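Quick notes on the structure that follows.
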Amino acid sequence: MSDSEKKAMGRRGFLKTAAATAGLAAAEAASASAAAPTIREPAAEAAGNSPLSKATTMPTMPTKLHQADVCVVGGGMAGLVAAVAAARHGAKVVLMQERPVLGGNSSSETRVHVCGADRHNGIKNMRETGILEECRLDNMARNRNKIFSIWDTILYEKAALQPGLTTLLNCTCQSARMEGPRIAAVTGWQLTTQTQHTVEASIFIDCSGDAILAPLTGAQYRVGREGRAEFNESLAPEAADARTMGMTCLFQAREHPGPQAFEPLPWAYRFDRCEDLPYGRGRHSHIEMGYWWVELGGEQDSIHDSEAIKHELLRITYGVWDHIKNRCPDKARAANWALEWVQFLPGKRESRRYIGDHVISQNDVEAEGRFPDLVAYGGWTMDDHHPAGFWAVKQAKPATMFHKSPSPYGIPYRSLYSRNVANLMFAGRCASATHMAMSSMRVMGTGSSMGQAAGTAAAIAAARKITPREVGGCMKELQQALITDDAYLPWVKQEFGPLTTGAKLTASRGDPAPVRDGINRPVGQDAHAWPCRVGDTLTYEFAKPARVEAVSLILDSALHKNIQMSYHQKDDQLSAPPPELQKAFHVDVLSGGRWETLARVEDNHQRLVRIPVGREAGGVRFVLDGTWGAEESRVFAFYVD
Ligand SMILES: Cc1cc2nc3c(=O)[nH]c(=O)nc-3n(C[C@H](O)[C@H](O)[C@H](O)COP(=O)(O)OP(=O)(O)OC[C@H]3O[C@@H](n4cnc5c(N)ncnc54)[C@H](O)[C@@H]3O)c2cc1C
């Protein structure tokens, strides 16, 4: 979007309704043809088999067709979680991701830590569980030194090893084919294989951050800040404008045993005084990783101007490092430090936002979002960065304003599907929200929560051949599916089947009732947990023998502690599985009046554990054999299906 386009849109809240695909597809074909090499056998090459022996002209590149139930575009945290959730619910899924790694801004390419409703563990027990928690706990078990490439690997294998999920990395979605109001297929160009991948699917979920499917399909979207009156938002500017939050290039630095020189770059900015930087002397003291306030682009087009903005960001980033090393009055503390990484892929905060059946506003956030169709939740403050970003310092303005929001607040399902494209869903920062609400919802923990909801709903829609909107009629089923997968939905309880609710529940110590109270984490003063020590047992006995398919447990991953993947080595960050987590336990079944051990788990690091049973039993019993170090642990849920 050009400056003039932004201005033209200025007063109307930036409702956009289309950009067709035909022109884009034609341009693609023309450029593919112009760039065609001269020594290829076209037919063989198109079939993915490319002898280099014969000279010929080659008008086409290889094409692959994928048929799926669900196609997810964009493999940031929201997209990865959506794809895994849909596949686990039985859908055949293709995930198209333009980068070599998954995780979006949390990947090693960008290195932003995943935050959410617990605000860096400032609000205890509010962390997002479900698939994100599973990734984080894998990370605790395997990434003791908090290396982002290992985090990449954990996310990669979450996708690569997931049955039913095909992941197309390095594949940029560039066009879409419509059939009436529905998307029939999307096509992406895979850089590494020089292949066009076309994915036909029943449901498409856009998690690209930039809402790439909006201009490609005609789905309605917004850009910029709403005027105060439109949603009655007290924090919004008086008049609508096209300004957004900007993007950032971070750095990482490492301490060495001896002094390290840094030669300023001639093309970088020079900051002689601390006051030239946002927040002055106090805010560049953590020198291991640089700074969210190196931010630009909010007054430009955060999509089409990205490369020019990145160049300016690099000039600032290297200038800030030069200041730290060579000019800051506190430069002695940086003497032994040297840069080891600078981000060349700018991390983005805001661009297009889809319009769904509901647009979440500041007022929804402030009212706690207690929607009947609540399927996800947030809790980050409304963290609204100044559009001038780094240069707000020249106006003596802060680079961001933190506005209060409750934690948690609910996110309704109606904000996760398009109001005008029948089979389009979305999650992450492009979900249906005003600028003000998005300033809170954009964090990746919240994006993951939305992603799990969108992926689960998409699988339901695909299986029943209904639209995402029609899934709204199956809300109880969707909510219960999410909670069963350990996604947290504030104010919604898990409902258990008669085998669990009708069984006699006993424990070797304390009151076991909380393990089937339907709330699987501490809320307020209530732990909603059964406390246990090594050797303790928790037992269900059925009135008469019954077939048991599975035993499920929600264990203690210490939701009150910090298990974030971050390069900021804050004192409270764990770097191993939480000590209270149950490492070893066994599950027994009652058979013919005797207890038999069905499964023994020796090295657990997960919170949600499901153990298949598949036989008749008179009862089941959980026995704790060991933790990751603590004497006492807790079980939040124990149930049978
Ligand atoms: C410097 C900085 C600091 C931040 N601090 C925090 C923080 O501390 N904690 C926090 O949680 N959030 C933070 N945020 C915000 C957060 O990073 C973003 O809001 C978040 O990444 C949005 O998640 P997403 O999944 O929607 O998009 P992304 O993380 O951007 O993921 C989208 C993915 O889709 C891919 N994609 C885009 N277009 C296409 C296409 N055409 N085809 C295929 N794939 C495509 C992208 O390459 C990307 O990998 C910060 C952001 C920045 C820039």
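Labels used: A, B, ... for chains in the order of the structure tokens, numbers from 1 for residues in each chain, and numbers from 1 for ligands as shown.
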Test item: residues lying within 7 Å of ligand 1 with only C-alpha atoms and all ligand atoms, as a CSV table (one decimal) with N, CA and C atoms, in the first residue's frame:
chain,number,residue,atom,x,y,z
A,73,VAL,N,-1.9,-21.6,5.7
A,73,VAL,CA,-0.9,-20.7,5.0
A,73,VAL,C,-0.2,-19.9,6.1
A,74,GLY,N,1.1,-20.1,6.2
A,74,GLY,CA,1.9,-19.4,7.3
A,74,GLY,C,2.2,-20.3,8.5
A,75,GLY,N,3.4,-20.5,8.7
A,75,GLY,CA,3.8,-21.5,9.8
A,75,GLY,C,4.5,-20.8,11.0
A,76,GLY,N,3.9,-19.6,11.4
A,76,GLY,CA,4.3,-19.0,12.7
A,76,GLY,C,3.7,-19.9,13.8
A,77,MET,N,3.7,-19.4,15.0
A,77,MET,CA,3.2,-20.2,16.1
A,77,MET,C,1.7,-20.5,15.9
A,78,ALA,N,0.9,-19.5,15.4
A,78,ALA,CA,-0.5,-19.7,15.2
A,78,ALA,C,-0.7,-20.8,14.1
A,79,GLY,N,0.0,-20.7,13.0
A,79,GLY,CA,-0.2,-21.6,11.9
A,79,GLY,C,0.3,-23.0,12.2
A,96,MET,N,1.7,-24.6,4.5
A,96,MET,CA,2.6,-23.9,3.5
A,96,MET,C,3.2,-22.7,4.2
A,97,GLN,N,4.6,-22.8,4.3
A,97,GLN,CA,5.3,-21.8,5.1
A,97,GLN,C,6.5,-21.3,4.3
A,98,GLU,N,6.6,-20.0,4.2
A,98,GLU,CA,7.5,-19.4,3.2
A,98,GLU,C,9.0,-19.4,3.7
A,99,ARG,N,9.2,-19.7,5.0
A,99,ARG,CA,10.5,-19.7,5.5
A,99,ARG,C,11.1,-21.1,5.7
A,102,LEU,N,9.9,-23.0,11.2
A,102,LEU,CA,8.6,-22.8,11.7
A,102,LEU,C,8.7,-21.9,12.9
A,103,GLY,N,7.6,-21.3,13.3
A,103,GLY,CA,7.6,-20.5,14.5
A,103,GLY,C,7.5,-19.0,14.3
A,104,GLY,N,7.6,-18.6,13.0
A,104,GLY,CA,7.4,-17.1,12.7
A,104,GLY,C,8.4,-16.3,13.6
A,105,ASN,N,7.9,-15.3,14.3
A,105,ASN,CA,8.8,-14.5,15.0
A,105,ASN,C,9.5,-15.2,16.2
A,106,SER,N,9.0,-16.4,16.5
A,106,SER,CA,9.7,-17.0,17.6
A,106,SER,C,10.9,-17.9,17.1
A,112,VAL,N,12.1,-13.9,19.0
A,112,VAL,CA,11.2,-13.2,19.9
A,112,VAL,C,10.7,-14.3,20.8
A,113,HIS,N,10.6,-14.0,22.1
A,113,HIS,CA,10.1,-15.0,23.0
A,113,HIS,C,8.5,-15.0,23.0
A,114,VAL,N,8.0,-16.1,23.1
A,114,VAL,CA,6.5,-16.3,23.1
A,114,VAL,C,5.9,-15.8,24.4
A,115,CYS,N,5.1,-14.7,24.3
A,115,CYS,CA,4.4,-14.2,25.5
A,115,CYS,C,2.9,-14.4,25.4
A,116,GLY,N,2.2,-14.3,26.5
A,116,GLY,CA,0.8,-14.5,26.4
A,116,GLY,C,0.1,-13.9,27.7
A,171,CYS,N,8.1,-22.2,0.9
A,171,CYS,CA,7.0,-22.2,-0.1
A,171,CYS,C,6.1,-21.0,0.2
A,172,THR,N,6.2,-20.0,-0.7
A,172,THR,CA,5.4,-18.8,-0.6
A,172,THR,C,4.1,-18.8,-1.3
A,173,CYS,N,3.0,-18.7,-0.6
A,173,CYS,CA,1.7,-18.6,-1.2
A,173,CYS,C,1.6,-17.3,-2.0
A,174,GLN,N,1.3,-17.5,-3.3
A,174,GLN,CA,1.3,-16.3,-4.2
A,174,GLN,C,-0.1,-16.1,-4.9
A,188,GLY,N,1.7,-22.0,-4.2
A,188,GLY,CA,2.9,-21.4,-3.7
A,188,GLY,C,4.1,-21.8,-4.4
A,207,CYS,N,-2.6,-18.0,8.4
A,207,CYS,CA,-1.9,-17.6,9.6
A,207,CYS,C,-0.6,-16.9,9.2
A,208,SER,N,-0.6,-16.2,8.1
A,208,SER,CA,0.6,-15.6,7.5
A,208,SER,C,0.9,-14.3,8.2
A,209,GLY,N,0.2,-13.8,9.2
A,209,GLY,CA,0.5,-12.5,9.8
A,209,GLY,C,0.0,-11.4,8.9
A,210,ASP,N,0.5,-11.4,7.7
A,210,ASP,CA,0.2,-10.4,6.7
A,210,ASP,C,-1.2,-10.6,6.0
A,212,ILE,N,-2.1,-12.8,3.7
A,212,ILE,CA,-1.9,-12.9,2.3
A,212,ILE,C,-3.1,-13.3,1.5
A,247,MET,N,8.1,-2.5,12.6
A,247,MET,CA,8.9,-3.8,12.6
A,247,MET,C,10.3,-3.5,13.2
A,248,THR,N,10.9,-4.6,13.6
A,248,THR,CA,12.2,-4.5,14.3
A,248,THR,C,13.2,-5.5,13.8
A,249,CYS,N,14.5,-5.0,13.9
A,249,CYS,CA,15.6,-5.9,13.7
A,249,CYS,C,16.4,-6.0,15.0
A,250,LEU,N,16.4,-7.2,15.6
A,250,LEU,CA,17.0,-7.4,16.9
A,250,LEU,C,18.5,-7.8,16.7
A,292,TRP,N,13.3,-4.1,21.4
A,292,TRP,CA,12.1,-4.0,20.7
A,292,TRP,C,11.8,-2.6,20.2
A,346,PRO,N,13.2,-8.6,9.2
A,346,PRO,CA,12.6,-7.8,10.2
A,346,PRO,C,11.3,-8.5,10.8
A,347,GLY,N,11.2,-8.4,12.1
A,347,GLY,CA,10.0,-9.0,12.8
A,347,GLY,C,8.9,-8.0,12.7
A,348,LYS,N,7.7,-8.5,12.3
A,348,LYS,CA,6.6,-7.6,12.0
A,348,LYS,C,5.6,-7.7,13.1
A,349,ARG,N,4.9,-6.5,13.4
A,349,ARG,CA,3.9,-6.5,14.4
A,349,ARG,C,2.5,-6.3,13.9
A,350,GLU,N,2.4,-5.6,12.8
A,350,GLU,CA,1.0,-5.3,12.3
A,350,GLU,C,1.0,-5.0,10.8
A,427,ALA,N,-5.9,-17.0,12.1
A,427,ALA,CA,-5.5,-17.0,13.5
A,427,ALA,C,-4.2,-16.2,13.6
A,428,GLY,N,-3.9,-15.7,14.8
A,428,GLY,CA,-2.6,-14.9,14.9
A,428,GLY,C,-2.9,-13.4,14.8
A,429,ARG,N,-1.9,-12.6,14.4
A,429,ARG,CA,-2.1,-11.2,14.4
A,429,ARG,C,-3.1,-10.7,13.3
A,430,CYS,N,-3.4,-11.5,12.4
A,430,CYS,CA,-4.4,-11.1,11.3
A,430,CYS,C,-5.8,-11.4,11.7
A,442,ARG,N,-1.9,-9.8,19.6
A,442,ARG,CA,-0.9,-10.2,18.7
A,442,ARG,C,0.2,-11.0,19.2
A,443,VAL,N,0.3,-11.1,20.6
A,443,VAL,CA,1.4,-11.9,21.1
A,443,VAL,C,1.2,-13.4,20.8
A,444,MET,N,2.3,-14.1,20.7
A,444,MET,CA,2.3,-15.5,20.1
A,444,MET,C,1.6,-16.5,21.0
A,445,GLY,N,1.6,-16.3,22.3
A,445,GLY,CA,0.8,-17.3,23.2
A,445,GLY,C,-0.6,-17.2,22.8
A,447,GLY,N,-1.8,-16.1,20.0
A,447,GLY,CA,-1.9,-16.6,18.6
A,447,GLY,C,-2.0,-18.1,18.6
Open item on the list: Just want the 10 Å neighbourhood of stretch 528-536 of chain A, counted on only C-alpha atoms, with same-chain residues fewer than 5 positions away dropped. Output as a PyMOL selection string.
Closed with: chain A and resi 507-523+554-556+580+582+584-585+622-627+630-638
Could you save the residues just selected, with N, CA and C atoms, as a compact mmCIF listing (two decimals), in the first residue's frame?
# COMPACT_ATOMS: atom_id res chain seq x y z
N ALA A 507 -8.18 -41.80 47.16
CA ALA A 507 -6.75 -41.48 47.05
C ALA A 507 -6.06 -41.89 48.34
N SER A 508 -4.75 -42.13 48.22
CA SER A 508 -3.99 -42.54 49.41
C SER A 508 -3.78 -41.37 50.36
N ARG A 509 -3.92 -40.15 49.89
CA ARG A 509 -3.85 -38.98 50.78
C ARG A 509 -4.73 -37.87 50.19
N GLY A 510 -5.19 -36.99 51.08
CA GLY A 510 -5.90 -35.78 50.65
C GLY A 510 -7.21 -36.05 49.94
N ASP A 511 -7.76 -34.95 49.42
CA ASP A 511 -9.06 -35.01 48.76
C ASP A 511 -8.85 -35.11 47.24
N PRO A 512 -9.28 -36.23 46.62
CA PRO A 512 -9.03 -36.36 45.18
C PRO A 512 -10.09 -35.68 44.30
N ALA A 513 -11.16 -35.15 44.90
CA ALA A 513 -12.29 -34.64 44.10
C ALA A 513 -11.87 -33.66 42.99
N PRO A 514 -10.87 -32.78 43.21
CA PRO A 514 -10.54 -31.80 42.15
C PRO A 514 -10.11 -32.44 40.83
N VAL A 515 -9.70 -33.71 40.81
CA VAL A 515 -9.24 -34.27 39.53
C VAL A 515 -10.39 -34.50 38.55
N ARG A 516 -11.62 -34.38 39.02
CA ARG A 516 -12.73 -34.44 38.07
C ARG A 516 -13.69 -33.26 38.28
N ASP A 517 -13.13 -32.11 38.71
CA ASP A 517 -14.01 -30.94 38.86
C ASP A 517 -14.10 -30.12 37.57
N GLY A 518 -13.35 -30.53 36.54
CA GLY A 518 -13.50 -29.89 35.23
C GLY A 518 -12.64 -28.65 35.04
N ILE A 519 -11.89 -28.26 36.06
CA ILE A 519 -10.99 -27.09 35.93
C ILE A 519 -9.58 -27.60 36.18
N ASN A 520 -8.72 -27.45 35.19
CA ASN A 520 -7.46 -28.18 35.20
C ASN A 520 -6.24 -27.31 35.47
N ARG A 521 -6.44 -26.29 36.27
CA ARG A 521 -5.32 -25.43 36.69
C ARG A 521 -5.79 -24.62 37.90
N PRO A 522 -4.86 -24.05 38.66
CA PRO A 522 -5.30 -23.20 39.77
C PRO A 522 -6.02 -21.97 39.23
N VAL A 523 -7.13 -21.65 39.82
CA VAL A 523 -7.87 -20.42 39.48
C VAL A 523 -8.20 -19.72 40.79
N ILE A 554 -3.79 -34.90 33.63
CA ILE A 554 -3.18 -33.57 33.47
C ILE A 554 -2.29 -33.37 34.69
N LEU A 555 -0.99 -33.30 34.42
CA LEU A 555 0.01 -33.31 35.48
C LEU A 555 0.51 -31.89 35.76
N ASP A 556 1.53 -31.80 36.60
CA ASP A 556 1.91 -30.49 37.15
C ASP A 556 3.13 -29.90 36.44
N GLU A 580 8.37 -29.99 40.02
CA GLU A 580 7.14 -30.64 40.50
C GLU A 580 6.52 -31.59 39.47
N GLN A 582 5.60 -34.70 37.27
CA GLN A 582 5.72 -36.14 37.48
C GLN A 582 6.58 -36.74 36.37
N ALA A 584 8.04 -40.06 36.68
CA ALA A 584 7.80 -41.52 36.59
C ALA A 584 6.51 -41.88 37.32
N PHE A 585 5.71 -42.70 36.68
CA PHE A 585 4.47 -43.17 37.31
C PHE A 585 4.03 -44.43 36.58
N PHE A 622 -3.68 -44.69 39.35
CA PHE A 622 -2.45 -43.96 39.03
C PHE A 622 -1.54 -44.05 40.25
N VAL A 623 -0.27 -44.38 40.04
CA VAL A 623 0.69 -44.47 41.14
C VAL A 623 1.91 -43.61 40.80
N LEU A 624 2.24 -42.66 41.67
CA LEU A 624 3.38 -41.77 41.41
C LEU A 624 4.68 -42.43 41.84
N ASP A 625 5.64 -42.49 40.90
CA ASP A 625 6.94 -43.12 41.19
C ASP A 625 8.07 -42.11 41.30
N GLY A 626 7.91 -40.92 40.78
CA GLY A 626 9.02 -39.94 40.89
C GLY A 626 8.67 -38.64 40.22
N THR A 627 9.33 -37.57 40.67
CA THR A 627 9.15 -36.25 40.06
C THR A 627 10.50 -35.80 39.48
N ALA A 630 10.96 -32.29 42.98
CA ALA A 630 10.20 -31.78 44.13
C ALA A 630 9.63 -32.94 44.96
N GLU A 631 9.42 -32.67 46.24
CA GLU A 631 8.80 -33.71 47.09
C GLU A 631 7.32 -33.83 46.81
N GLU A 632 6.70 -32.69 46.56
CA GLU A 632 5.26 -32.71 46.36
C GLU A 632 4.90 -32.28 44.94
N SER A 633 3.87 -32.90 44.45
CA SER A 633 3.42 -32.62 43.09
C SER A 633 1.89 -32.54 43.11
N ARG A 634 1.30 -32.26 41.95
CA ARG A 634 -0.17 -32.18 41.92
C ARG A 634 -0.69 -32.81 40.63
N VAL A 635 -1.88 -33.41 40.74
CA VAL A 635 -2.57 -33.92 39.54
C VAL A 635 -3.81 -33.04 39.36
N PHE A 636 -3.97 -32.46 38.15
CA PHE A 636 -5.09 -31.55 37.90
C PHE A 636 -6.30 -32.26 37.31
N ALA A 637 -6.05 -33.33 36.58
CA ALA A 637 -7.18 -34.10 36.05
C ALA A 637 -6.77 -35.54 35.88
N PHE A 638 -7.73 -36.43 36.12
CA PHE A 638 -7.53 -37.88 35.97
C PHE A 638 -8.89 -38.40 35.55
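Going from atom CA of A:Gly122 over to atom CA of A:Pro578, you cover 17.3 Å.
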Using only C-alpha atoms, determine which residues lie at most 12 Å from stretch 327-332 of chain A, disregarding the query and same-chain residues fewer than 4 positions distant; provide the list as a compact mmCIF listing (two decimals) with C-alpha atoms, in the first residue's frame.
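What follows is the written file around32.txt:
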# COMPACT_ATOMS: atom_id res chain seq x y z
CA PRO A 259 38.08 -7.11 25.22
CA GLN A 260 36.30 -7.01 21.85
CA ALA A 261 36.55 -4.02 19.53
CA PHE A 262 33.64 -2.86 17.35
CA GLU A 263 34.31 -0.81 14.24
CA PRO A 264 31.31 1.45 13.50
CA ARG A 270 25.66 7.48 15.04
CA PHE A 271 24.17 8.01 18.48
CA ASP A 272 26.59 9.97 20.64
CA ARG A 273 24.28 10.47 23.61
CA CYS A 274 22.07 8.03 25.50
CA GLU A 275 19.27 10.58 25.10
CA ASP A 276 19.37 9.96 21.35
CA LEU A 277 17.88 6.53 22.09
CA GLY A 280 17.68 7.17 27.55
CA ARG A 281 20.46 5.64 29.61
CA GLY A 282 18.44 3.07 31.54
CA ARG A 283 17.04 1.07 28.64
CA HIS A 284 20.09 -0.30 26.86
CA SER A 285 21.67 -2.02 29.83
CA HIS A 286 20.66 -5.60 28.86
CA ILE A 287 23.21 -6.00 26.14
CA GLY A 319 24.24 2.42 15.44
CA VAL A 320 22.85 1.32 18.80
CA TRP A 321 25.55 -1.33 19.11
CA ASP A 322 28.18 1.27 18.23
CA HIS A 323 26.73 3.46 20.99
CA ASN A 336 34.16 -7.98 26.43
CA TRP A 337 30.95 -8.26 24.43
TODO: Could you tell me which of A:Cys135, A:Ala388, A:Leu191, A:Leu482 comes closest to A:Lys158 if we count only C-alpha atoms?
DONE: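 Looking at the shortest contact to A:Lys158, the residue is A:Cys135.
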Open item on the list: So that I can see what lies close to A:Met245, please list as a PyMOL selection string the residues with an atom at most 9 Å from it, counting only C-alpha atoms and leaving out residues fewer than 4 positions away in the same chain.
Closed with: chain A and resi 224+295-299+302+348-351+384-389+439
Output file for the selection above: N, CA and C atoms, as a JSON list (two decimals), in the first residue's frame:
[["chain", "number", "residue", "atom", "x", "y", "z"],
["A", 224, "GLY", "N", -4.56, -0.35, 9.72],
["A", 224, "GLY", "CA", -4.45, 0.92, 10.42],
["A", 224, "GLY", "C", -5.35, 1.01, 11.65],
["A", 295, "GLU", "N", 12.46, 0.20, 16.18],
["A", 295, "GLU", "CA", 11.21, -0.09, 15.47],
["A", 295, "GLU", "C", 10.91, 1.01, 14.45],
["A", 296, "LEU", "N", 10.55, 0.59, 13.26],
["A", 296, "LEU", "CA", 10.18, 1.54, 12.20],
["A", 296, "LEU", "C", 9.10, 0.92, 11.31],
["A", 297, "GLY", "N", 8.46, 1.76, 10.55],
["A", 297, "GLY", "CA", 7.54, 1.26, 9.52],
["A", 297, "GLY", "C", 6.09, 1.59, 9.78],
["A", 298, "GLY", "N", 5.78, 2.07, 10.98],
["A", 298, "GLY", "CA", 4.38, 2.35, 11.32],
["A", 298, "GLY", "C", 3.80, 3.50, 10.51],
["A", 299, "GLU", "N", 4.67, 4.33, 9.96],
["A", 299, "GLU", "CA", 4.17, 5.45, 9.15],
["A", 299, "GLU", "C", 4.37, 5.19, 7.67],
["A", 302, "SER", "N", 3.72, -1.36, 5.92],
["A", 302, "SER", "CA", 4.49, -2.41, 6.60],
["A", 302, "SER", "C", 4.57, -3.69, 5.78],
["A", 348, "LYS", "N", 7.74, -8.48, 12.25],
["A", 348, "LYS", "CA", 6.61, -7.58, 12.00],
["A", 348, "LYS", "C", 5.59, -7.67, 13.13],
["A", 349, "ARG", "N", 4.95, -6.53, 13.39],
["A", 349, "ARG", "CA", 3.90, -6.48, 14.43],
["A", 349, "ARG", "C", 2.50, -6.32, 13.86],
["A", 350, "GLU", "N", 2.37, -5.61, 12.77],
["A", 350, "GLU", "CA", 1.01, -5.27, 12.34],
["A", 350, "GLU", "C", 0.97, -5.00, 10.84],
["A", 351, "SER", "N", -0.05, -5.51, 10.18],
["A", 351, "SER", "CA", -0.33, -5.12, 8.79],
["A", 351, "SER", "C", -1.84, -5.28, 8.58],
["A", 384, "ASP", "N", 0.39, -0.73, 22.70],
["A", 384, "ASP", "CA", 0.21, -0.01, 21.44],
["A", 384, "ASP", "C", 1.43, 0.84, 21.14],
["A", 385, "HIS", "N", 2.25, 0.34, 20.23],
["A", 385, "HIS", "CA", 3.50, 1.05, 19.94],
["A", 385, "HIS", "C", 3.24, 2.32, 19.14],
["A", 386, "HIS", "N", 4.07, 3.31, 19.38],
["A", 386, "HIS", "CA", 3.96, 4.57, 18.65],
["A", 386, "HIS", "C", 4.30, 4.32, 17.18],
["A", 387, "PRO", "N", 3.48, 4.82, 16.24],
["A", 387, "PRO", "CA", 3.76, 4.55, 14.82],
["A", 387, "PRO", "C", 5.13, 5.08, 14.37],
["A", 388, "ALA", "N", 5.63, 6.11, 15.04],
["A", 388, "ALA", "CA", 6.96, 6.63, 14.65],
["A", 388, "ALA", "C", 8.07, 5.73, 15.17],
["A", 389, "GLY", "N", 7.74, 4.80, 16.05],
["A", 389, "GLY", "CA", 8.70, 3.81, 16.52],
["A", 389, "GLY", "C", 9.92, 4.46, 17.15],
["A", 439, "SER", "N", -3.50, -4.93, 19.55],
["A", 439, "SER", "CA", -2.25, -4.57, 20.23],
["A", 439, "SER", "C", -2.02, -5.49, 21.43]]
Give me the residues near A:Gly472 as a tab-separated table (two decimals) with N, CA and C atoms, in the first residue's frame, where near means some atom within 8 Å (using only C-alpha atoms) and where sequence neighbours in that chain fewer than 5 positions away do not count.
chain	number	residue	atom	x	y	z
A	373	ASP	N	-19.30	-18.06	22.57
A	373	ASP	CA	-18.48	-18.85	21.65
A	373	ASP	C	-16.99	-18.62	21.90
A	413	TYR	N	-15.18	-17.32	18.75
A	413	TYR	CA	-14.96	-18.07	17.52
A	413	TYR	C	-15.27	-17.22	16.29
A	414	ARG	N	-16.27	-16.35	16.41
A	414	ARG	CA	-16.69	-15.55	15.24
A	414	ARG	C	-15.60	-14.61	14.73
